[in-house]
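*Asks:* Before anything else, here's the structure in question.
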Amino acid sequence: MERTLALQVIEANLNRLREGLRVAEDLLRYTPGAGSEFGKLKKLRLDAGRAEQETRRVLGSELSRARRLQKDVGKDETPAAELARTDVAEIVTANLKRAQEAARTIEELVKLIAGAALSRRYKKLRFAIYAREAEVAAKLVAISKRRRFAEALERFPVYLVIDDLNTVTQTPVELAGAYYKAGGRVAQLRMKSVAAKARLMLARELQRAFPELMLIINDRVDLARAAGAFGVHLGVQDLPLSALSDVRGDLLVGLSAGGPGTAAKAVAAGADYIGVGAIYHTESKQRMRIVGIAGLHKVVRAVKLPIVAIGGITAGNLAKVLKAGATGCAVISAVSSPKKARALYVEARRFAKR
């Protein structure tokens with residue numbers, strides 16, 4: 001009886017293992033930007049298939065005869081959690097966990113009837129699925145954040161930069177509040193003259209006050225992680241993205257570029273969006289090279305990521321910048337007073353895509 005029971009459970013879990021991996025693989029296959037993760041998961045599924053072939057070879061027809069689908073008391077039950085999936089990432093994660101659990105069950109039970117060597121094979125497979133799950137989860141979060149970021153700028157194509165220059169007559173919270181009320185959802189906290197601790201506290205205050213705000217921290221990955229921010233923006237002189245692979249976590253990362261060449265390198269490094277500028281002369285970065293509308297258009301044609309234009313953008317030239325292909329426009333001086341900001345926001349609404 002013990003051997004028959006073990007065979008029944010092994011046979012059922014061989015199916016669960018294969019099904020779980022297949023669902024996750026198929027979803028990654030059609031998820032833009034997840035090609036590498038799809039390839040790794042496909043290889044893992046093929047490894048699982050070879051393990052199953054070996055298991056069926058060792059146990060022979062005895063295994064298939066052990067199947068008792070009609071006596072499976074769980075076949076007609078569907079847990080409530082399985083009916084409440086909210087997105088692709090949740091489905092992928094759930095199916096990879098199902099595959100892990102199936103591999104563990106097989107690993108334990110084949111010890112009884114097939115020996116340690118086959119058990120070790122399933123243990124190795126289980127840990128490989130753990131590793132793939134972590135990679136896939138990080139990739140899907142990054143893809144989701146990039147999509148949300150782009151959609152937010154399509155709805156309201158202004159990227160607010162909270163800086164010392166535009167918080168002279170208004171507080172950072174007042175500036176962000178007016179932007180948020182107007183429909184803006186992407187803001188960068190710059191304010192380089194403010195101490196790190198104060199910036200951290202301000203970042204947390206902004207996120208509490210405006211829960212849908214996608215807050216991006218300028219330069220400081222450590223502050224972004226500590227604040228639980230949406231992302232970080234790195235300039236040309238900041239740490240290279242390649243040096244941040246172990247500390248980036250799930251942060252959305254924007255990189256500055258002055259032309260199509262540096263933009264292409266930023267894409268290759270793993271950037272989620274590109275900041276391009278200066279489009280016009282700007283008081284916030286007086287030594288910044290002017291790339292102009294022509295330079296912006298070259299970057300737009302060269303890369304497929306969201307493009308945020310910056311530098312001297314006002315209500316008067318916003319339309320020209322957006323028509324050149326920018327996903328959104330980063331502004332500092334253009335929102336230095338409530339009157340200026342209102343004019344800019346009225347103009348921005350003309351270009352809302354949804």
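Ligands are numbered from 1 in the order shown, residues from 1 within each chain, and chains are lettered A, B, ... in the order they appear in the structure tokens.
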Within 10 Å of Tyr159 in chain A, counting only C-alpha atoms, which residues qualify if same-chain residues fewer than 5 places away don't, as a list in words?

*Replies:*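 Selected residues are Ala152, Leu153, Tyr179, Gly184, Arg185, Val186, Ala187, Gln188, Val308, Ala309, Ile310, Thr327, Gly328, Cys329, Ala330, Val331 and Ile332 of chain A.
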
*Asks:* Find the spatial neighbours of range 260-269 of chain A, counting only C-alpha atoms, within a cut-off of 10 Å - ignore same-chain residues fewer than 2 positions away - and output them as a PyMOL selection string.

*Replies:* chain A and resi 236+240-242+254-258+271-276+295-305+307

*Asks:* Just write the chosen residues, N, CA and C atoms, as a short mmCIF file (atom, residue, chain, number, x, y, z; two decimals), in the first residue's frame.

*Replies:*
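Final file, part_9.cif:
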```cif
data_model
loop_
_atom_site.label_atom_id
_atom_site.label_comp_id
_atom_site.auth_asym_id
_atom_site.auth_seq_id
_atom_site.Cartn_x
_atom_site.Cartn_y
_atom_site.Cartn_z
N VAL A 236 25.36 61.50 -16.08
CA VAL A 236 26.55 61.01 -16.77
C VAL A 236 27.72 60.82 -15.82
N PRO A 240 28.12 54.15 -12.69
CA PRO A 240 27.57 53.43 -13.84
C PRO A 240 26.57 52.38 -13.38
N LEU A 241 25.58 52.14 -14.22
CA LEU A 241 24.53 51.18 -13.85
C LEU A 241 25.10 49.79 -13.60
N SER A 242 26.18 49.44 -14.32
CA SER A 242 26.79 48.12 -14.14
C SER A 242 27.31 47.91 -12.73
N GLY A 254 16.56 55.62 -14.42
CA GLY A 254 16.69 56.52 -15.56
C GLY A 254 18.13 56.95 -15.70
N LEU A 255 18.63 57.03 -16.94
CA LEU A 255 19.99 57.47 -17.20
C LEU A 255 19.97 58.67 -18.14
N SER A 256 20.85 59.62 -17.88
CA SER A 256 20.95 60.80 -18.75
C SER A 256 21.77 60.48 -19.98
N ALA A 257 21.39 61.09 -21.10
CA ALA A 257 22.12 60.91 -22.36
C ALA A 257 22.07 62.20 -23.14
N GLY A 258 23.17 62.48 -23.86
CA GLY A 258 23.23 63.70 -24.66
C GLY A 258 23.12 63.46 -26.14
N ALA A 271 18.99 50.54 -18.59
CA ALA A 271 18.15 51.66 -18.18
C ALA A 271 16.68 51.39 -18.51
N ASP A 272 15.79 52.00 -17.73
CA ASP A 272 14.35 51.87 -17.96
C ASP A 272 13.79 53.07 -18.72
N TYR A 273 14.45 54.21 -18.62
CA TYR A 273 14.07 55.37 -19.42
C TYR A 273 15.31 56.23 -19.61
N ILE A 274 15.25 57.13 -20.58
CA ILE A 274 16.39 57.98 -20.92
C ILE A 274 16.01 59.44 -20.71
N GLY A 275 16.86 60.16 -19.99
CA GLY A 275 16.71 61.61 -19.85
C GLY A 275 17.59 62.30 -20.87
N VAL A 276 17.03 63.17 -21.68
CA VAL A 276 17.77 63.82 -22.77
C VAL A 276 17.76 65.33 -22.58
N GLY A 295 18.55 67.20 -31.73
CA GLY A 295 19.23 66.16 -30.96
C GLY A 295 18.26 65.24 -30.26
N LEU A 296 17.19 65.81 -29.74
CA LEU A 296 16.15 65.00 -29.11
C LEU A 296 15.54 64.03 -30.10
N HIS A 297 15.26 64.52 -31.28
CA HIS A 297 14.63 63.67 -32.31
C HIS A 297 15.54 62.50 -32.69
N LYS A 298 16.85 62.73 -32.71
CA LYS A 298 17.80 61.65 -33.02
C LYS A 298 17.75 60.55 -31.96
N VAL A 299 17.66 60.95 -30.69
CA VAL A 299 17.59 59.96 -29.62
C VAL A 299 16.28 59.18 -29.69
N VAL A 300 15.20 59.88 -29.94
CA VAL A 300 13.89 59.23 -30.05
C VAL A 300 13.90 58.16 -31.13
N ARG A 301 14.57 58.44 -32.24
CA ARG A 301 14.63 57.47 -33.33
C ARG A 301 15.58 56.32 -33.02
N ALA A 302 16.55 56.56 -32.13
CA ALA A 302 17.60 55.56 -31.87
C ALA A 302 17.20 54.51 -30.84
N VAL A 303 16.35 54.86 -29.90
CA VAL A 303 16.01 53.93 -28.82
C VAL A 303 14.50 53.80 -28.67
N LYS A 304 14.09 52.70 -28.03
CA LYS A 304 12.67 52.41 -27.88
C LYS A 304 12.15 52.64 -26.46
N LEU A 305 13.00 53.12 -25.58
CA LEU A 305 12.58 53.37 -24.20
C LEU A 305 11.83 54.70 -24.09
N ILE A 307 11.32 58.43 -23.27
CA ILE A 307 12.29 59.53 -23.34
C ILE A 307 11.74 60.73 -22.56
#
```

*Asks:* Name the closest residue to Gly35 in chain A among the candidates A:Arg57, A:Arg220, A:Leu140, A:Ala114; distances are taken between atoms, counting only C-alpha atoms.

*Replies:*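 The answer is A:Leu140, which sits nearest to Gly35 in chain A.
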
*Asks:* Residues near Ala334 in chain A, anyone? I mean within 12 Å using only C-alpha atoms, not counting same-chain ones fewer than 5 positions away, as a PDB file with N, CA and C atoms, in the first residue's frame.

*Replies:*
```pdb
ATOM      1  N   VAL A 158       4.173  65.668 -17.984  1.00  0.00           N
ATOM      2  CA  VAL A 158       5.090  66.521 -17.230  1.00  0.00           C
ATOM      3  C   VAL A 158       5.752  65.684 -16.140  1.00  0.00           C
ATOM      4  N   TYR A 159       7.073  65.720 -16.106  1.00  0.00           N
ATOM      5  CA  TYR A 159       7.898  65.019 -15.117  1.00  0.00           C
ATOM      6  C   TYR A 159       8.429  66.095 -14.183  1.00  0.00           C
ATOM      7  N   LEU A 160       7.881  66.178 -13.010  1.00  0.00           N
ATOM      8  CA  LEU A 160       8.250  67.235 -12.061  1.00  0.00           C
ATOM      9  C   LEU A 160       9.606  66.946 -11.427  1.00  0.00           C
ATOM     10  N   VAL A 161      10.474  67.975 -11.393  1.00  0.00           N
ATOM     11  CA  VAL A 161      11.741  67.885 -10.661  1.00  0.00           C
ATOM     12  C   VAL A 161      11.663  68.851  -9.488  1.00  0.00           C
ATOM     13  N   ILE A 162      11.674  68.308  -8.286  1.00  0.00           N
ATOM     14  CA  ILE A 162      11.613  69.129  -7.072  1.00  0.00           C
ATOM     15  C   ILE A 162      13.038  69.520  -6.713  1.00  0.00           C
ATOM     16  N   ASP A 163      13.327  70.810  -6.795  1.00  0.00           N
ATOM     17  CA  ASP A 163      14.706  71.293  -6.710  1.00  0.00           C
ATOM     18  C   ASP A 163      14.776  72.536  -5.833  1.00  0.00           C
ATOM     19  N   LEU A 165      15.765  75.336  -6.767  1.00  0.00           N
ATOM     20  CA  LEU A 165      15.397  76.502  -7.566  1.00  0.00           C
ATOM     21  C   LEU A 165      13.899  76.762  -7.636  1.00  0.00           C
ATOM     22  N   ASN A 166      13.078  75.724  -7.484  1.00  0.00           N
ATOM     23  CA  ASN A 166      11.635  75.953  -7.581  1.00  0.00           C
ATOM     24  C   ASN A 166      10.907  75.793  -6.245  1.00  0.00           C
ATOM     25  N   THR A 167      11.676  75.786  -5.160  1.00  0.00           N
ATOM     26  CA  THR A 167      11.048  75.706  -3.835  1.00  0.00           C
ATOM     27  C   THR A 167      11.472  76.879  -2.952  1.00  0.00           C
ATOM     28  N   LEU A 175       4.538  72.287  -3.836  1.00  0.00           N
ATOM     29  CA  LEU A 175       4.848  72.133  -5.259  1.00  0.00           C
ATOM     30  C   LEU A 175       4.330  70.788  -5.768  1.00  0.00           C
ATOM     31  N   TYR A 179       1.059  69.829  -8.473  1.00  0.00           N
ATOM     32  CA  TYR A 179       1.335  68.942  -9.609  1.00  0.00           C
ATOM     33  C   TYR A 179       0.437  67.708  -9.560  1.00  0.00           C
ATOM     34  N   THR A 282      19.147  76.474 -19.856  1.00  0.00           N
ATOM     35  CA  THR A 282      18.471  76.377 -18.574  1.00  0.00           C
ATOM     36  C   THR A 282      19.329  76.920 -17.446  1.00  0.00           C
ATOM     37  N   GLU A 283      18.709  77.585 -16.491  1.00  0.00           N
ATOM     38  CA  GLU A 283      19.419  78.140 -15.345  1.00  0.00           C
ATOM     39  C   GLU A 283      19.863  77.045 -14.377  1.00  0.00           C
ATOM     40  N   SER A 284      19.156  75.904 -14.371  1.00  0.00           N
ATOM     41  CA  SER A 284      19.473  74.856 -13.397  1.00  0.00           C
ATOM     42  C   SER A 284      20.791  74.145 -13.721  1.00  0.00           C
ATOM     43  N   ILE A 310      14.616  67.375 -20.985  1.00  0.00           N
ATOM     44  CA  ILE A 310      14.822  68.323 -19.901  1.00  0.00           C
ATOM     45  C   ILE A 310      15.654  69.502 -20.390  1.00  0.00           C
ATOM     46  N   GLY A 311      15.444  70.647 -19.758  1.00  0.00           N
ATOM     47  CA  GLY A 311      16.265  71.810 -20.049  1.00  0.00           C
ATOM     48  C   GLY A 311      15.508  72.933 -20.717  1.00  0.00           C
ATOM     49  N   GLY A 312      15.114  73.929 -19.933  1.00  0.00           N
ATOM     50  CA  GLY A 312      14.495  75.120 -20.487  1.00  0.00           C
ATOM     51  C   GLY A 312      13.097  74.928 -21.045  1.00  0.00           C
ATOM     52  N   ILE A 313      12.419  73.883 -20.654  1.00  0.00           N
ATOM     53  CA  ILE A 313      11.080  73.610 -21.188  1.00  0.00           C
ATOM     54  C   ILE A 313      10.047  74.413 -20.409  1.00  0.00           C
ATOM     55  N   THR A 314       9.175  75.107 -21.136  1.00  0.00           N
ATOM     56  CA  THR A 314       8.157  75.966 -20.540  1.00  0.00           C
ATOM     57  C   THR A 314       6.812  75.689 -21.204  1.00  0.00           C
ATOM     58  N   ALA A 315       5.798  76.396 -20.731  1.00  0.00           N
ATOM     59  CA  ALA A 315       4.482  76.275 -21.364  1.00  0.00           C
ATOM     60  C   ALA A 315       4.533  76.686 -22.827  1.00  0.00           C
ATOM     61  N   GLY A 316       5.461  77.601 -23.175  1.00  0.00           N
ATOM     62  CA  GLY A 316       5.546  78.100 -24.537  1.00  0.00           C
ATOM     63  C   GLY A 316       6.188  77.135 -25.525  1.00  0.00           C
ATOM     64  N   ASN A 317       7.066  76.254 -25.054  1.00  0.00           N
ATOM     65  CA  ASN A 317       7.737  75.342 -25.993  1.00  0.00           C
ATOM     66  C   ASN A 317       7.445  73.863 -25.717  1.00  0.00           C
ATOM     67  N   LEU A 318       6.588  73.591 -24.749  1.00  0.00           N
ATOM     68  CA  LEU A 318       6.245  72.206 -24.398  1.00  0.00           C
ATOM     69  C   LEU A 318       5.725  71.438 -25.613  1.00  0.00           C
ATOM     70  N   CYS A 329       8.166  65.709 -20.371  1.00  0.00           N
ATOM     71  CA  CYS A 329       9.100  66.821 -20.221  1.00  0.00           C
ATOM     72  C   CYS A 329       9.385  67.069 -18.750  1.00  0.00           C
ATOM     73  N   LYS A 339       1.677  80.399 -10.635  1.00  0.00           N
ATOM     74  CA  LYS A 339       1.147  80.941 -11.879  1.00  0.00           C
ATOM     75  C   LYS A 339       1.793  80.266 -13.089  1.00  0.00           C
ATOM     76  N   LYS A 340       3.121  80.130 -13.064  1.00  0.00           N
ATOM     77  CA  LYS A 340       3.829  79.452 -14.146  1.00  0.00           C
ATOM     78  C   LYS A 340       3.373  78.001 -14.274  1.00  0.00           C
ATOM     79  N   ALA A 341       3.258  77.357 -13.114  1.00  0.00           N
ATOM     80  CA  ALA A 341       2.883  75.943 -13.110  1.00  0.00           C
ATOM     81  C   ALA A 341       1.498  75.739 -13.707  1.00  0.00           C
ATOM     82  N   ARG A 342       0.555  76.599 -13.367  1.00  0.00           N
ATOM     83  CA  ARG A 342      -0.802  76.456 -13.895  1.00  0.00           C
ATOM     84  C   ARG A 342      -0.809  76.552 -15.412  1.00  0.00           C
ATOM     85  N   ALA A 343      -0.055  77.496 -15.953  1.00  0.00           N
ATOM     86  CA  ALA A 343       0.012  77.659 -17.409  1.00  0.00           C
ATOM     87  C   ALA A 343       0.607  76.415 -18.071  1.00  0.00           C
ATOM     88  N   LEU A 344       1.633  75.864 -17.451  1.00  0.00           N
ATOM     89  CA  LEU A 344       2.267  74.663 -17.987  1.00  0.00           C
ATOM     90  C   LEU A 344       1.307  73.482 -17.952  1.00  0.00           C
ATOM     91  N   TYR A 345       0.596  73.321 -16.848  1.00  0.00           N
ATOM     92  CA  TYR A 345      -0.303  72.174 -16.705  1.00  0.00           C
ATOM     93  C   TYR A 345      -1.484  72.249 -17.675  1.00  0.00           C
ATOM     94  N   GLU A 347      -1.346  73.575 -20.652  1.00  0.00           N
ATOM     95  CA  GLU A 347      -0.777  73.185 -21.941  1.00  0.00           C
ATOM     96  C   GLU A 347      -0.550  71.678 -22.003  1.00  0.00           C
TER      97      GLU A 347
END
```

*Asks:* For a quick check of understanding, using only C-alpha atoms, which of A:Leu7, A:Ala131, A:Leu14, A:Ala229 has the smallest distance to Lys40 in chain A?

*Replies:* A:Ala131

*Asks:* Show me, as a VMD selection string, the residues that have an atom within 10 Å of Val253 in chain A when counting only C-alpha atoms, minus same-chain residues fewer than 3 positions from it.

*Replies:* chain A and resid 142 145 to 146 216 to 217 221 230 to 234 241 248 250 270 to 274

*Asks:* Just the number, please: distance in Å from CA of Glu25 in chain A to CA of Asp87 in chain A, one decimal.

*Replies:*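 Separation of CA of Glu25 in chain A and CA of Asp87 in chain A: 15.3 Å.
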
*Asks:* Fewer than 3 positions away in the same chain doesn't count, so skip those; otherwise give me all residues within 8 Å of Asn13 in chain A, counting only C-alpha atoms, as a list in words.

*Replies:*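 What passes the distance filter is Val9, Ile10, Arg16, Leu17, Ala102, Ala103, Thr105 and Ile106 of chain A.
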
*Asks:* If you keep N, CA and C atoms, can you produce a file of those selected residues as a PDB file, in the first residue's frame?

*Replies:*
```pdb
ATOM      1  N   VAL A   9       1.242   9.638  -5.840  1.00  0.00           N
ATOM      2  CA  VAL A   9       1.607  11.032  -5.565  1.00  0.00           C
ATOM      3  C   VAL A   9       2.716  11.501  -6.504  1.00  0.00           C
ATOM      4  N   ILE A  10       3.684  10.646  -6.770  1.00  0.00           N
ATOM      5  CA  ILE A  10       4.753  11.015  -7.709  1.00  0.00           C
ATOM      6  C   ILE A  10       4.175  11.311  -9.084  1.00  0.00           C
ATOM      7  N   ARG A  16       2.107  18.162 -12.282  1.00  0.00           N
ATOM      8  CA  ARG A  16       2.074  19.519 -11.726  1.00  0.00           C
ATOM      9  C   ARG A  16       3.367  20.269 -12.031  1.00  0.00           C
ATOM     10  N   LEU A  17       4.477  19.557 -11.928  1.00  0.00           N
ATOM     11  CA  LEU A  17       5.775  20.174 -12.193  1.00  0.00           C
ATOM     12  C   LEU A  17       5.841  20.675 -13.629  1.00  0.00           C
ATOM     13  N   ALA A 102       5.963  20.702  -6.276  1.00  0.00           N
ATOM     14  CA  ALA A 102       5.895  19.399  -6.925  1.00  0.00           C
ATOM     15  C   ALA A 102       7.264  18.722  -6.927  1.00  0.00           C
ATOM     16  N   ALA A 103       8.315  19.500  -7.221  1.00  0.00           N
ATOM     17  CA  ALA A 103       9.668  18.944  -7.228  1.00  0.00           C
ATOM     18  C   ALA A 103      10.061  18.436  -5.840  1.00  0.00           C
ATOM     19  N   THR A 105       8.001  17.355  -3.461  1.00  0.00           N
ATOM     20  CA  THR A 105       7.225  16.144  -3.180  1.00  0.00           C
ATOM     21  C   THR A 105       7.851  14.925  -3.866  1.00  0.00           C
ATOM     22  N   ILE A 106       8.204  15.097  -5.153  1.00  0.00           N
ATOM     23  CA  ILE A 106       8.828  13.992  -5.885  1.00  0.00           C
ATOM     24  C   ILE A 106      10.171  13.638  -5.253  1.00  0.00           C
TER      25      ILE A 106
END
```

*Asks:* When distances are computed from only C-alpha atoms, which of A:Val168, A:Tyr122, A:His281, A:Ala24 shows the smallest separation from Asp47 in chain A?

*Replies:* A:Tyr122

*Asks:* Output as a list in words all residues of range 184-262 of chain A that backbone DSSP marks as strand (DSSP E or B).

*Replies:*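 Written out, the strand (DSSP E or B) residues of range 184-262 of chain A are Val186, Ala187, Gln188, Leu189, Met214, Leu215, Ile216, Ile217, Asn218, Gly231, Val232, His233, Leu234, Leu252, Val253, Gly254, Leu255, Ser256 and Ala257 of chain A.
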
*Asks:* Enter the distance from CA of Ala195 in chain A to CA of Thr169 in chain A, in Å, rounded to one decimal.

*Replies:*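 If I compute the distance from CA of Ala195 in chain A to CA of Thr169 in chain A, I get 19.8 Å.
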
*Asks:* Which residue out of A:Arg289, A:Arg132, A:Lys181, A:Arg148 has the minimum interatomic distance to Lys43 in chain A when only C-alpha atoms are used?

*Replies:*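 The closest residue to Lys43 in chain A is A:Arg132.
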
*Asks:* What's the separation between CA of Arg29 in chain A and CA of Ala94 in chain A, in Å to one decimal place?

*Replies:*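 If I compute the distance from CA of Arg29 in chain A to CA of Ala94 in chain A, I get 16.8 Å.
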
*Asks:* For range 18-23 of chain A, work out the shell of residues within 6 Å, counting only C-alpha atoms and skipping chain neighbours fewer than 6 positions away, then give it as a JSON list (two decimals) with N, CA and C atoms, in the first residue's frame.

*Replies:*
```json
[["chain", "number", "residue", "atom", "x", "y", "z"],
["A", 45, "ARG", "N", 12.52, 23.83, -18.07],
["A", 45, "ARG", "CA", 11.43, 22.90, -18.35],
["A", 45, "ARG", "C", 11.94, 21.65, -19.07],
["A", 95, "ASN", "N", 2.70, 29.77, -10.37],
["A", 95, "ASN", "CA", 3.00, 28.52, -11.08],
["A", 95, "ASN", "C", 4.44, 28.06, -10.86],
["A", 96, "LEU", "N", 5.36, 28.97, -10.66],
["A", 96, "LEU", "CA", 6.72, 28.56, -10.31],
["A", 96, "LEU", "C", 6.75, 27.96, -8.90],
["A", 98, "ARG", "N", 4.23, 26.39, -7.56],
["A", 98, "ARG", "CA", 3.61, 25.07, -7.74],
["A", 98, "ARG", "C", 4.65, 24.07, -8.23],
["A", 99, "ALA", "N", 5.49, 24.50, -9.15],
["A", 99, "ALA", "CA", 6.54, 23.61, -9.67],
["A", 99, "ALA", "C", 7.56, 23.26, -8.58]]
```

*Asks:* Could you tell me, as a VMD selection string, which residues of range 159-310 of chain A DSSP assigns to helix (DSSP H, G or I) when given the backbone?

*Replies:* chain A and resid 164 to 166 172 to 182 196 to 209 221 to 227 241 to 244 260 to 269 292 to 302

*Asks:* In terms of the shortest atom-to-atom distance over only C-alpha atoms, which of A:Leu27, A:Val141, A:Val110, A:Ala203 is closest to Ala51 in chain A?

*Replies:* A:Val110

*Asks:* Tell me, as a JSON list (two decimals) with C-alpha atoms, in the first residue's frame, which residues lie within 10 Å of Ala182 in chain A, counting only C-alpha atoms; anything in the same chain fewer than 4 positions away does not count.

*Replies:*
```json
[["chain", "number", "residue", "atom", "x", "y", "z"],
["A", 156, "PHE", "CA", 0.06, 63.84, -18.12],
["A", 176, "ALA", "CA", 4.19, 68.40, -5.44],
["A", 177, "GLY", "CA", 0.61, 68.86, -4.26],
["A", 178, "ALA", "CA", -0.27, 71.27, -7.07],
["A", 341, "ALA", "CA", 2.88, 75.94, -13.11],
["A", 342, "ARG", "CA", -0.80, 76.46, -13.89],
["A", 345, "TYR", "CA", -0.30, 72.17, -16.71],
["A", 346, "VAL", "CA", -3.04, 73.61, -18.91],
["A", 348, "ALA", "CA", 0.22, 69.65, -20.87],
["A", 349, "ARG", "CA", -3.42, 68.50, -20.76]]
```
